[in-house]
file start-v9.txt (compact mmCIF, C-alpha atoms)
# COMPACT_ATOMS: atom_id res chain seq x y z
CA MET A 9 28.74 -8.73 1.49
CA MET A 10 30.73 -5.88 2.98
CA ALA A 11 30.23 -3.80 -0.16
CA GLU A 12 26.47 -4.45 -0.05
CA MET A 13 26.22 -3.52 3.62
CA THR A 14 28.26 -0.39 2.90
CA ILE A 15 25.71 0.69 0.31
CA SER A 16 22.85 0.32 2.81
CA LYS A 17 24.71 2.20 5.53
CA ARG A 18 25.78 4.94 3.14
CA PHE A 19 22.21 5.41 1.90
CA GLU A 20 21.11 6.11 5.47
CA GLN A 21 23.49 9.09 5.51
CA LEU A 22 22.07 10.74 2.38
CA PRO A 23 19.82 13.84 2.58
CA ILE A 24 16.16 13.08 3.33
CA PRO A 25 14.83 14.51 0.00
CA MET A 26 16.95 11.97 -1.90
CA LYS A 27 15.54 9.15 0.23
CA LEU A 28 11.98 10.34 -0.43
CA ILE A 29 12.47 10.55 -4.20
CA THR A 30 14.17 7.13 -4.34
CA ALA A 31 11.40 5.47 -2.31
CA GLY A 32 8.63 7.17 -4.33
CA THR A 33 10.19 6.18 -7.66
CA ALA A 34 10.52 2.52 -6.64
CA ALA A 35 6.92 2.48 -5.38
CA CYS A 36 5.61 4.00 -8.63
CA PHE A 37 7.31 1.28 -10.66
CA ALA A 38 5.84 -1.41 -8.38
CA ASP A 39 2.38 0.18 -8.56
CA PHE A 40 2.41 0.25 -12.36
CA ALA A 41 3.47 -3.40 -12.54
CA SER A 42 0.83 -4.66 -10.09
CA PHE A 43 -2.05 -2.23 -10.74
CA PRO A 44 -4.38 -4.70 -12.56
CA LEU A 45 -4.25 -6.97 -9.50
CA ASP A 46 -5.18 -4.03 -7.28
CA THR A 47 -8.16 -3.23 -9.51
CA ALA A 48 -9.32 -6.86 -9.30
CA LYS A 49 -8.94 -6.75 -5.51
CA VAL A 50 -11.09 -3.60 -5.24
CA ARG A 51 -13.86 -5.07 -7.43
CA LEU A 52 -13.94 -8.29 -5.37
CA GLN A 53 -13.99 -6.37 -2.08
CA LEU A 54 -16.94 -4.24 -3.24
CA GLN A 55 -18.88 -7.23 -4.57
CA GLY A 56 -21.85 -8.04 -2.37
CA GLU A 57 -21.96 -4.56 -0.88
CA ALA A 58 -24.99 -3.41 -2.87
CA LYS A 59 -28.33 -3.80 -1.13
CA VAL A 60 -30.80 -6.16 -2.81
CA PRO A 61 -34.61 -6.46 -2.98
CA LEU A 62 -36.71 -8.09 -0.29
CA ALA A 63 -37.30 -11.21 -2.38
CA THR A 64 -33.68 -12.23 -2.02
CA VAL A 65 -33.23 -11.57 1.68
CA SER A 66 -34.19 -13.12 4.97
CA ALA A 67 -37.13 -12.20 7.18
CA ALA A 68 -35.17 -9.81 9.39
CA MET A 69 -36.87 -6.42 8.95
CA THR A 70 -35.59 -2.89 9.19
CA THR A 71 -37.68 0.13 10.21
CA SER A 72 -38.35 0.87 6.52
CA GLY A 73 -39.84 -2.59 5.98
CA GLU A 74 -36.91 -3.83 3.92
CA SER A 75 -34.28 -6.37 4.87
CA PHE A 76 -30.73 -6.50 3.67
CA VAL A 77 -29.43 -9.64 5.42
CA LEU A 78 -28.58 -11.92 2.51
CA HIS A 79 -29.28 -15.60 2.40
CA LYS A 80 -26.08 -17.47 1.64
CA GLY A 81 -25.72 -17.67 -2.11
CA ALA A 82 -28.73 -15.44 -2.74
CA ALA A 83 -26.87 -12.93 -4.83
CA GLN A 84 -25.23 -13.99 -8.07
CA LEU A 85 -21.54 -13.22 -8.11
CA HIS A 86 -20.36 -11.12 -11.02
CA TYR A 87 -16.65 -11.59 -10.32
CA ARG A 88 -15.14 -14.98 -9.43
CA GLY A 89 -11.52 -15.30 -8.40
CA ILE A 90 -8.59 -13.19 -9.45
CA VAL A 91 -8.18 -14.65 -12.95
CA GLY A 92 -11.94 -14.58 -13.54
CA THR A 93 -12.17 -10.97 -12.36
CA LEU A 94 -9.34 -9.85 -14.63
CA GLY A 95 -10.95 -11.70 -17.54
CA THR A 96 -14.41 -10.23 -16.86
CA ILE A 97 -13.08 -6.68 -16.69
CA CYS A 98 -11.10 -7.09 -19.92
CA ARG A 99 -14.05 -8.69 -21.73
CA GLU A 100 -16.69 -6.17 -20.61
CA GLU A 101 -14.68 -2.97 -20.32
CA GLY A 102 -11.44 -3.48 -22.20
CA PHE A 103 -7.85 -3.95 -21.04
CA ARG A 104 -7.37 -0.25 -20.23
CA SER A 105 -10.00 -0.49 -17.49
CA LEU A 106 -7.54 -2.54 -15.46
CA TYR A 107 -5.56 0.70 -15.14
CA ASN A 108 -8.48 2.92 -14.10
CA GLY A 109 -7.12 5.35 -11.52
CA LEU A 110 -3.46 4.78 -12.42
CA ASN A 111 -2.75 8.53 -12.43
CA ALA A 112 -4.13 8.87 -8.92
CA GLY A 113 -2.30 5.68 -7.93
CA LEU A 114 1.06 7.07 -9.03
CA GLN A 115 0.31 10.39 -7.34
CA ARG A 116 -0.51 8.43 -4.20
CA GLN A 117 2.75 6.49 -4.31
CA MET A 118 4.88 9.61 -4.76
CA CYS A 119 3.14 11.18 -1.74
CA PHE A 120 2.56 8.07 0.33
CA ALA A 121 5.39 5.61 -0.23
CA SER A 122 8.03 8.33 -0.29
CA VAL A 123 7.03 9.25 3.28
CA ARG A 124 6.32 5.83 4.79
CA LEU A 125 9.43 4.23 3.27
CA GLY A 126 11.76 7.19 2.79
CA MET A 127 11.25 8.41 6.36
CA TYR A 128 11.38 4.96 7.97
CA GLU A 129 15.13 4.82 8.57
CA PRO A 130 15.46 8.35 10.07
CA VAL A 131 12.45 7.77 12.34
CA LYS A 132 13.69 4.31 13.30
CA LEU A 133 17.09 5.72 14.30
CA ARG A 134 15.36 8.35 16.46
CA TYR A 135 13.31 5.71 18.25
CA GLN A 136 16.40 3.53 18.70
CA ARG A 137 18.23 6.43 20.35
CA LEU A 138 15.17 7.26 22.44
CA LEU A 139 14.84 3.65 23.65
CA LYS A 140 18.65 3.35 23.99
CA VAL A 141 18.80 0.30 21.77
CA LYS A 142 22.52 0.64 20.97
CA ASP A 143 23.89 -2.77 19.98
CA SER A 144 20.96 -5.01 20.99
CA ARG A 145 20.01 -5.68 17.36
CA GLY A 146 16.97 -7.94 17.08
CA GLY A 147 16.12 -7.60 20.77
CA PHE A 148 12.81 -6.46 22.25
CA LEU A 149 13.74 -2.78 22.32
CA ASP A 150 15.10 -2.87 18.77
CA VAL A 151 11.95 -4.54 17.40
CA SER A 152 9.80 -2.10 19.39
CA ALA A 153 11.68 0.84 17.86
CA ARG A 154 11.08 -0.53 14.35
CA ILE A 155 7.38 -1.13 15.02
CA LEU A 156 6.97 2.39 16.40
CA ALA A 157 8.76 3.77 13.34
CA GLY A 158 6.48 1.78 11.02
CA LEU A 159 3.35 3.00 12.82
CA THR A 160 4.58 6.59 12.80
CA THR A 161 5.58 6.81 9.14
CA GLY A 162 2.44 4.91 8.07
CA GLY A 163 0.25 7.47 9.84
CA MET A 164 2.31 10.39 8.50
CA ALA A 165 1.95 9.10 4.95
CA VAL A 166 -1.86 8.88 5.15
CA MET A 167 -2.03 12.48 6.35
CA VAL A 168 -0.23 13.53 3.15
CA ALA A 169 -1.78 11.16 0.61
CA GLN A 170 -5.39 10.50 1.68
CA PRO A 171 -7.14 12.44 -1.16
CA THR A 172 -5.15 10.54 -3.80
CA ASP A 173 -6.20 7.24 -2.20
CA VAL A 174 -9.90 8.19 -2.29
CA VAL A 175 -9.72 9.07 -6.00
CA LYS A 176 -7.76 5.92 -6.84
CA VAL A 177 -10.27 3.63 -5.10
CA ARG A 178 -13.26 5.31 -6.78
CA PHE A 179 -11.72 5.03 -10.23
CA GLN A 180 -10.92 1.35 -9.69
CA ALA A 181 -14.46 0.69 -8.46
CA GLN A 182 -15.99 2.49 -11.45
CA SER A 183 -17.32 -0.05 -13.89
CA LYS A 184 -18.55 0.59 -17.41
CA SER A 185 -21.23 -2.07 -17.02
CA ALA A 186 -23.65 -2.75 -14.20
CA MET A 187 -23.95 -6.09 -12.48
CA ALA A 188 -27.05 -6.84 -14.54
CA GLY A 189 -25.34 -5.81 -17.77
CA LYS A 190 -26.94 -2.38 -18.06
CA PRO A 191 -24.65 0.49 -19.03
CA LEU A 192 -23.65 2.96 -16.35
CA SER A 193 -22.60 6.53 -16.86
CA ALA A 194 -19.06 7.18 -15.77
CA ARG A 195 -18.91 8.57 -12.26
CA TYR A 196 -15.63 10.34 -13.02
CA THR A 197 -14.01 11.11 -16.37
CA GLY A 198 -10.53 12.14 -15.27
CA THR A 199 -8.26 12.40 -12.24
CA TRP A 200 -8.48 16.15 -11.75
CA GLN A 201 -12.20 16.12 -12.56
CA ALA A 202 -12.61 13.51 -9.82
CA TYR A 203 -10.84 15.70 -7.24
CA LYS A 204 -13.01 18.65 -8.27
CA SER A 205 -16.25 16.64 -8.32
CA ILE A 206 -15.67 15.09 -4.89
CA PHE A 207 -14.79 18.47 -3.40
CA THR A 208 -17.82 20.16 -5.01
CA THR A 209 -20.40 17.52 -4.08
CA GLU A 210 -19.04 16.26 -0.76
CA GLY A 211 -16.82 19.06 0.49
CA ILE A 212 -13.28 18.72 1.81
CA GLY A 213 -14.49 15.82 3.96
CA GLY A 214 -15.15 13.77 0.84
CA LEU A 215 -11.46 13.82 -0.05
CA TRP A 216 -10.67 12.63 3.46
CA ARG A 217 -13.38 9.93 3.58
CA GLY A 218 -12.12 6.85 5.39
CA PHE A 219 -9.22 8.76 6.93
CA LEU A 220 -9.27 6.93 10.29
CA PRO A 221 -9.61 3.36 8.92
CA ASN A 222 -6.95 4.21 6.35
CA ILE A 223 -4.55 5.31 9.10
CA GLY A 224 -5.18 2.01 10.86
CA ARG A 225 -4.83 0.00 7.69
CA ASN A 226 -1.65 1.69 6.51
CA ALA A 227 -0.02 1.70 9.94
CA ILE A 228 -0.57 -2.08 10.07
CA VAL A 229 0.58 -2.57 6.47
CA ASN A 230 3.64 -0.42 7.12
CA VAL A 231 4.65 -2.50 10.12
CA SER A 232 3.87 -5.76 8.32
CA GLU A 233 5.73 -4.77 5.15
CA ILE A 234 8.65 -2.57 6.12
CA VAL A 235 9.41 -3.91 9.61
CA CYS A 236 8.92 -7.51 8.52
CA TYR A 237 11.12 -7.00 5.45
CA ASP A 238 13.72 -5.22 7.59
CA LEU A 239 13.86 -8.01 10.20
CA VAL A 240 13.70 -10.94 7.75
CA LYS A 241 16.40 -9.46 5.52
CA GLU A 242 18.67 -8.77 8.51
CA PHE A 243 18.08 -12.29 9.90
CA ILE A 244 18.88 -13.97 6.56
CA ILE A 245 22.12 -11.99 6.19
CA MET A 246 23.24 -12.39 9.82
CA LYS A 247 22.67 -16.16 9.73
CA GLY A 248 24.57 -16.42 6.46
CA PHE A 249 21.69 -18.00 4.53
CA MET A 250 22.08 -15.44 1.74
CA ARG A 251 24.08 -12.36 0.89
CA ASP A 252 22.47 -8.93 0.65
CA ASN A 253 21.43 -9.46 -2.96
CA ILE A 254 18.36 -9.94 -5.16
CA PRO A 255 17.45 -13.49 -3.94
CA CYS A 256 17.58 -12.18 -0.37
CA HIS A 257 15.42 -9.17 -1.28
CA PHE A 258 12.96 -11.44 -3.13
CA THR A 259 12.57 -13.83 -0.17
CA SER A 260 12.14 -11.01 2.33
CA ALA A 261 9.57 -9.30 0.08
CA VAL A 262 7.42 -12.45 -0.21
CA VAL A 263 7.32 -12.89 3.58
CA ALA A 264 6.53 -9.20 4.06
CA GLY A 265 3.71 -9.32 1.48
CA PHE A 266 2.08 -12.34 3.15
CA CYS A 267 2.22 -10.76 6.62
CA ALA A 268 0.78 -7.50 5.29
CA THR A 269 -2.14 -9.24 3.56
CA LEU A 270 -3.00 -11.36 6.59
CA CYS A 271 -2.99 -8.42 8.98
CA ALA A 272 -4.55 -5.72 6.81
CA SER A 273 -7.30 -7.46 4.80
CA PRO A 274 -10.23 -6.75 7.20
CA ILE A 275 -9.36 -3.05 7.49
CA ASP A 276 -8.66 -2.88 3.76
CA VAL A 277 -12.16 -4.16 2.89
CA ILE A 278 -13.83 -1.57 5.14
CA LYS A 279 -11.54 1.19 3.87
CA THR A 280 -12.34 0.36 0.24
CA ARG A 281 -16.11 0.21 0.78
CA TYR A 282 -16.27 3.32 2.91
CA MET A 283 -14.13 5.37 0.54
CA ASN A 284 -16.21 4.30 -2.44
CA SER A 285 -19.58 4.95 -0.75
CA THR A 286 -21.80 7.92 -1.47
CA PRO A 287 -22.69 10.31 1.38
CA GLY A 288 -25.29 8.83 3.72
CA THR A 289 -24.58 5.18 2.91
CA TYR A 290 -22.73 4.66 6.18
CA ARG A 291 -22.61 6.70 9.37
CA GLY A 292 -18.91 5.99 9.66
CA ALA A 293 -16.25 3.31 9.23
CA ALA A 294 -17.55 1.38 12.25
CA ASP A 295 -21.08 1.38 10.78
CA CYS A 296 -19.64 0.14 7.48
CA ALA A 297 -18.01 -2.76 9.33
CA VAL A 298 -21.24 -3.59 11.18
CA GLN A 299 -23.36 -3.53 8.01
CA THR A 300 -20.80 -5.62 6.13
CA PHE A 301 -20.80 -8.23 8.90
CA ALA A 302 -24.63 -8.26 9.11
CA ARG A 303 -25.13 -8.69 5.37
CA GLU A 304 -22.29 -11.03 4.47
CA GLY A 305 -20.81 -12.52 7.62
CA PRO A 306 -17.19 -12.57 8.84
CA SER A 307 -15.86 -14.01 5.58
CA ALA A 308 -16.61 -10.65 3.92
CA PHE A 309 -13.62 -9.13 5.72
CA TYR A 310 -11.34 -11.40 3.73
CA LYS A 311 -13.02 -10.85 0.36
CA GLY A 312 -10.42 -10.48 -2.32
CA PHE A 313 -7.77 -12.12 -0.12
CA LEU A 314 -6.10 -14.01 -2.98
CA PRO A 315 -5.84 -11.00 -5.32
CA SER A 316 -4.85 -8.86 -2.35
CA PHE A 317 -2.12 -11.38 -1.44
CA THR A 318 -1.01 -11.71 -5.07
CA ARG A 319 -0.98 -7.95 -5.49
CA LEU A 320 0.85 -7.19 -2.23
CA VAL A 321 3.45 -9.90 -2.77
CA SER A 322 4.08 -8.84 -6.36
CA TRP A 323 4.10 -5.17 -5.30
CA ASN A 324 6.62 -5.92 -2.55
CA ILE A 325 8.84 -7.92 -4.89
CA PHE A 326 8.89 -5.17 -7.53
CA MET A 327 9.22 -2.39 -4.98
CA TRP A 328 11.96 -3.83 -2.76
CA ILE A 329 14.13 -5.15 -5.59
CA THR A 330 13.78 -1.84 -7.46
CA TYR A 331 14.37 0.14 -4.27
CA GLU A 332 17.52 -1.80 -3.34
CA GLN A 333 18.95 -1.38 -6.84
CA LEU A 334 18.07 2.33 -6.93
CA LYS A 335 19.85 2.77 -3.59
CA ARG A 336 23.04 1.46 -5.18
CA VAL A 337 22.70 3.81 -8.14
CA VAL A 338 21.86 6.83 -5.97
CA VAL A 339 24.74 6.21 -3.54
CA THR A 340 27.24 5.75 -6.39
CA LYS A 341 26.09 8.82 -8.32
CA TYR A 342 25.85 10.96 -5.19
CA ASP A 343 29.39 10.06 -4.10
CA GLU A 344 30.70 10.72 -7.62
CA TYR A 345 29.00 14.12 -7.67
CA ASP A 346 30.08 14.93 -4.13
CA GLY A 347 33.65 13.84 -4.84
CA ALA A 348 33.90 15.82 -8.05
CA HIS A 349 32.68 18.99 -6.36
CA HIS A 350 35.12 18.55 -3.48
CA HIS A 351 38.07 17.81 -5.80
CA GLY A 352 38.59 14.34 -4.50
CA PHE A 353 36.44 11.20 -4.62
CA VAL A 354 35.57 9.76 -1.23
CA THR A 355 34.14 6.25 -1.27
CA ALA A 356 31.28 5.08 0.87
CA ALA A 357 33.60 2.72 2.77
CA GLN A 358 35.98 5.59 3.56
CA ARG A 359 33.11 7.70 4.85
CA LEU A 360 31.91 4.92 7.14
CA HIS A 361 35.31 4.26 8.60
CA SER A 362 36.45 7.87 8.87
call {"tool": "encode", "arguments": {"input": "start-v9.txt", "output": "structure tokens"}}
result
Amino acid sequence: MMAEMTISKRFEQLPIPMKLITAGTAACFADFASFPLDTAKVRLQLQGEAKVPLATVSAAMTTSGESFVLHKGAAQLHYRGIVGTLGTICREEGFRSLYNGLNAGLQRQMCFASVRLGMYEPVKLRYQRLLKVKDSRGGFLDVSARILAGLTTGGMAVMVAQPTDVVKVRFQAQSKSAMAGKPLSARYTGTWQAYKSIFTTEGIGGLWRGFLPNIGRNAIVNVSEIVCYDLVKEFIIMKGFMRDNIPCHFTSAVVAGFCATLCASPIDVIKTRYMNSTPGTYRGAADCAVQTFAREGPSAFYKGFLPSFTRLVSWNIFMWITYEQLKRVVVTKYDEYDGAHHHGFVTAAQRLHS
């Protein structure tokens, strides 16, 4: 246990660029492993968004003479459940369609996760010093410092990675077949073409569509994932239930994934729909939320909850286990390199106790 704790403490002392690269690499591996689940989640969240003819809606009228308040069960669902959605996509579009937007997804993780995760510890330590936490680990001030750090790094990450998130969502939403089975022309043919097309047709604002709801969503997810994982892992180790090893990381990741899904699903649905919308569909994120509620009711905010939960839990498991193992490798290699260049190997334990 002491050796494991030494690794964690030593990693905190490494240069920030190494922390960013380590976090980004772990997140990319997790994203690749769980990407089909994310695609299924996006398709389920967008389902029911399209407006339908008057014959299938209630008598509530808009100024244009059309109504878009759906009767319950009026629209036929194209995707049903996570397994059904994955099967439908594979059958209609091929297996590769499950990885639509992977390039943008990996770009997003290198920009986004590297900041929100790699910067978490340095920012947390600053808040702990600011709030004078000292040794009150697990107390109100300590938890407050962690929450503030999660909110801060989550917001910082969105500022860096927002365009990549827009492109990723649009690729995942892009289907090769319409709901009625009619072929659709591809909205985007490649990652860089998508960036160019969005910028050309919608301006710089198109690449930052959904910026505010995304900040809210990712700040909440960051707190739910990183802070929850941090606290659960520390609690498990302090109480002696497990050592700081893979079973501990697995358990903490599952709890963190559940908390993140529960807290972030409503914002995630609005973020996905608003990012994928064409100009003029919604007046803003708030209008998107109002229209979603009016058409589909409150349950719409938890559309895709199961695939979202499955994806976030699997993503957290892959990411945290990979991240913890990479930390060990990075610390070991860094100390070997540092020791060789200073003509004398200095272990992590010696550094901590010097």
call {"tool": "atom_distance", "arguments": {"input": "start-v9.txt", "atom1": "CA of Asp46 in chain A", "atom2": "CA of Gln180 in chain A"}}
result
8.2 Å
call {"tool": "atom_distance", "arguments": {"input": "start-v9.txt", "atom1": "CA of Val168 in chain A", "atom2": "CA of Tyr342 in chain A"}}
result
27.5 Å
call {"tool": "atom_distance", "arguments": {"input": "start-v9.txt", "atom1": "CA of Ile29 in chain A", "atom2": "CA of Asp238 in chain A"}}
result
19.7 Å
call {"tool": "residues_around", "arguments": {"input": "start-v9.txt", "residues": "range 118-131 of chain A", "least_positions_apart": "4", "cutoff": "6 Å", "atoms": "all atoms listed in the file", "output": "ChimeraX atom specification"}}
result
/A:27-28,31-32,157,161-162,165,169
call {"tool": "write_last_selection", "arguments": {"input": "start-v9.txt", "atoms": "C-alpha atoms", "output": "short mmCIF file (atom, residue, chain, number, x, y, z; two decimals), in the coordinates of the input"}}
result
data_model
loop_
_atom_site.label_atom_id
_atom_site.label_comp_id
_atom_site.auth_asym_id
_atom_site.auth_seq_id
_atom_site.Cartn_x
_atom_site.Cartn_y
_atom_site.Cartn_z
CA LYS A 27 15.54 9.15 0.23
CA LEU A 28 11.98 10.34 -0.43
CA ALA A 31 11.40 5.47 -2.31
CA GLY A 32 8.63 7.17 -4.33
CA ALA A 157 8.76 3.77 13.34
CA THR A 161 5.58 6.81 9.14
CA GLY A 162 2.44 4.91 8.07
CA ALA A 165 1.95 9.10 4.95
CA ALA A 169 -1.78 11.16 0.61
#
call {"tool": "residues_around", "arguments": {"input": "start-v9.txt", "residues": "Gly265 in chain A", "least_positions_apart": "5", "cutoff": "9 Å", "atoms": "only C-alpha atoms", "output": "compact mmCIF listing (two decimals) with C-alpha atoms, keeping the file's coordinate frame"}}
result
# COMPACT_ATOMS: atom_id res chain seq x y z
CA VAL A 229 0.58 -2.57 6.47
CA SER A 232 3.87 -5.76 8.32
CA GLU A 233 5.73 -4.77 5.15
CA CYS A 236 8.92 -7.51 8.52
CA TYR A 237 11.12 -7.00 5.45
CA SER A 260 12.14 -11.01 2.33
CA LEU A 270 -3.00 -11.36 6.59
CA PHE A 317 -2.12 -11.38 -1.44
CA THR A 318 -1.01 -11.71 -5.07
CA ARG A 319 -0.98 -7.95 -5.49
CA LEU A 320 0.85 -7.19 -2.23
CA VAL A 321 3.45 -9.90 -2.77
CA SER A 322 4.08 -8.84 -6.36
CA TRP A 323 4.10 -5.17 -5.30
CA ASN A 324 6.62 -5.92 -2.55
CA ILE A 325 8.84 -7.92 -4.89
call {"tool": "residues_around", "arguments": {"input": "start-v9.txt", "residues": "Ala308 in chain A", "least_positions_apart": "5", "cutoff": "8 Å", "atoms": "all atoms listed in the file", "output": "MDAnalysis selection string"}}
result
chainID A and resid 53 277 300:301
call {"tool": "residues_near_point", "arguments": {"input": "start-v9.txt", "point": "(-16.4, 0.5, 10.5)", "cutoff": "12 Å", "atoms": "all atoms listed in the file", "output": "PyMOL selection string"}}
result
chain A and resi 218-222+224-225+274-283+290-301+309
call {"tool": "closest_residue", "arguments": {"input": "start-v9.txt", "among": "A:Thr269, A:Asn284, A:Thr47, A:Arg336", "to": "Arg195 in chain A", "atoms": "only C-alpha atoms"}}
result
A:Asn284
call {"tool": "residues_around", "arguments": {"input": "start-v9.txt", "residues": "Tyr203 in chain A", "least_positions_apart": "3", "cutoff": "8 Å", "atoms": "all atoms listed in the file", "output": "number ranges by chain"}}
result
A: 171, 175, 199-200, 206-207, 215
call {"tool": "residues_around", "arguments": {"input": "start-v9.txt", "residues": "Trp328 in chain A", "least_positions_apart": "3", "cutoff": "8 Å", "atoms": "only C-alpha atoms", "output": "ChimeraX atom specification"}}
result
/A:34,257-258,261,324-325,331-332
call {"tool": "closest_residue", "arguments": {"input": "start-v9.txt", "among": "A:Thr160, A:Leu139, A:Leu314, A:Gly288", "to": "Phe266 in chain A", "atoms": "only C-alpha atoms"}}
result
A:Leu314
call {"tool": "build_atoms", "arguments": {"input": "start-v9.txt", "residues": "range 31-38 of chain A", "atoms": "all heavy atoms", "output": "PDB file, in the coordinates of the input"}}
result
ATOM      1  N   ALA A  31      12.487   6.338  -2.773  1.00  0.00           N
ATOM      2  CA  ALA A  31      11.400   5.470  -2.310  1.00  0.00           C
ATOM      3  C   ALA A  31      10.159   5.658  -3.187  1.00  0.00           C
ATOM      4  O   ALA A  31       9.513   4.673  -3.583  1.00  0.00           O
ATOM      5  CB  ALA A  31      11.064   5.776  -0.860  1.00  0.00           C
ATOM      6  N   GLY A  32       9.807   6.899  -3.505  1.00  0.00           N
ATOM      7  CA  GLY A  32       8.630   7.170  -4.330  1.00  0.00           C
ATOM      8  C   GLY A  32       8.766   6.600  -5.723  1.00  0.00           C
ATOM      9  O   GLY A  32       7.803   6.048  -6.281  1.00  0.00           O
ATOM     10  N   THR A  33       9.955   6.704  -6.316  1.00  0.00           N
ATOM     11  CA  THR A  33      10.190   6.180  -7.660  1.00  0.00           C
ATOM     12  C   THR A  33      10.047   4.661  -7.697  1.00  0.00           C
ATOM     13  O   THR A  33       9.405   4.105  -8.595  1.00  0.00           O
ATOM     14  CB  THR A  33      11.601   6.569  -8.148  1.00  0.00           C
ATOM     15  OG1 THR A  33      11.723   7.996  -8.138  1.00  0.00           O
ATOM     16  CG2 THR A  33      11.855   6.044  -9.556  1.00  0.00           C
ATOM     17  N   ALA A  34      10.624   3.981  -6.713  1.00  0.00           N
ATOM     18  CA  ALA A  34      10.520   2.520  -6.640  1.00  0.00           C
ATOM     19  C   ALA A  34       9.061   2.091  -6.460  1.00  0.00           C
ATOM     20  O   ALA A  34       8.605   1.117  -7.079  1.00  0.00           O
ATOM     21  CB  ALA A  34      11.367   1.992  -5.478  1.00  0.00           C
ATOM     22  N   ALA A  35       8.326   2.811  -5.633  1.00  0.00           N
ATOM     23  CA  ALA A  35       6.920   2.480  -5.380  1.00  0.00           C
ATOM     24  C   ALA A  35       6.066   2.703  -6.623  1.00  0.00           C
ATOM     25  O   ALA A  35       5.142   1.928  -6.882  1.00  0.00           O
ATOM     26  CB  ALA A  35       6.395   3.318  -4.219  1.00  0.00           C
ATOM     27  N   CYS A  36       6.354   3.739  -7.393  1.00  0.00           N
ATOM     28  CA  CYS A  36       5.610   4.000  -8.630  1.00  0.00           C
ATOM     29  C   CYS A  36       5.815   2.873  -9.639  1.00  0.00           C
ATOM     30  O   CYS A  36       4.859   2.428 -10.298  1.00  0.00           O
ATOM     31  CB  CYS A  36       6.027   5.332  -9.245  1.00  0.00           C
ATOM     32  SG  CYS A  36       5.329   6.778  -8.425  1.00  0.00           S
ATOM     33  N   PHE A  37       7.031   2.396  -9.757  1.00  0.00           N
ATOM     34  CA  PHE A  37       7.310   1.280 -10.660  1.00  0.00           C
ATOM     35  C   PHE A  37       6.542   0.039 -10.224  1.00  0.00           C
ATOM     36  O   PHE A  37       5.924  -0.653 -11.042  1.00  0.00           O
ATOM     37  CB  PHE A  37       8.812   0.981 -10.694  1.00  0.00           C
ATOM     38  CG  PHE A  37       9.173  -0.212 -11.542  1.00  0.00           C
ATOM     39  CD1 PHE A  37       9.261  -0.089 -12.930  1.00  0.00           C
ATOM     40  CD2 PHE A  37       9.411  -1.447 -10.967  1.00  0.00           C
ATOM     41  CE1 PHE A  37       9.575  -1.191 -13.721  1.00  0.00           C
ATOM     42  CE2 PHE A  37       9.725  -2.559 -11.751  1.00  0.00           C
ATOM     43  CZ  PHE A  37       9.807  -2.419 -13.121  1.00  0.00           C
ATOM     44  N   ALA A  38       6.550  -0.246  -8.917  1.00  0.00           N
ATOM     45  CA  ALA A  38       5.840  -1.410  -8.380  1.00  0.00           C
ATOM     46  C   ALA A  38       4.338  -1.267  -8.578  1.00  0.00           C
ATOM     47  O   ALA A  38       3.640  -2.244  -8.891  1.00  0.00           O
ATOM     48  CB  ALA A  38       6.165  -1.578  -6.900  1.00  0.00           C
TER      49      ALA A  38
END
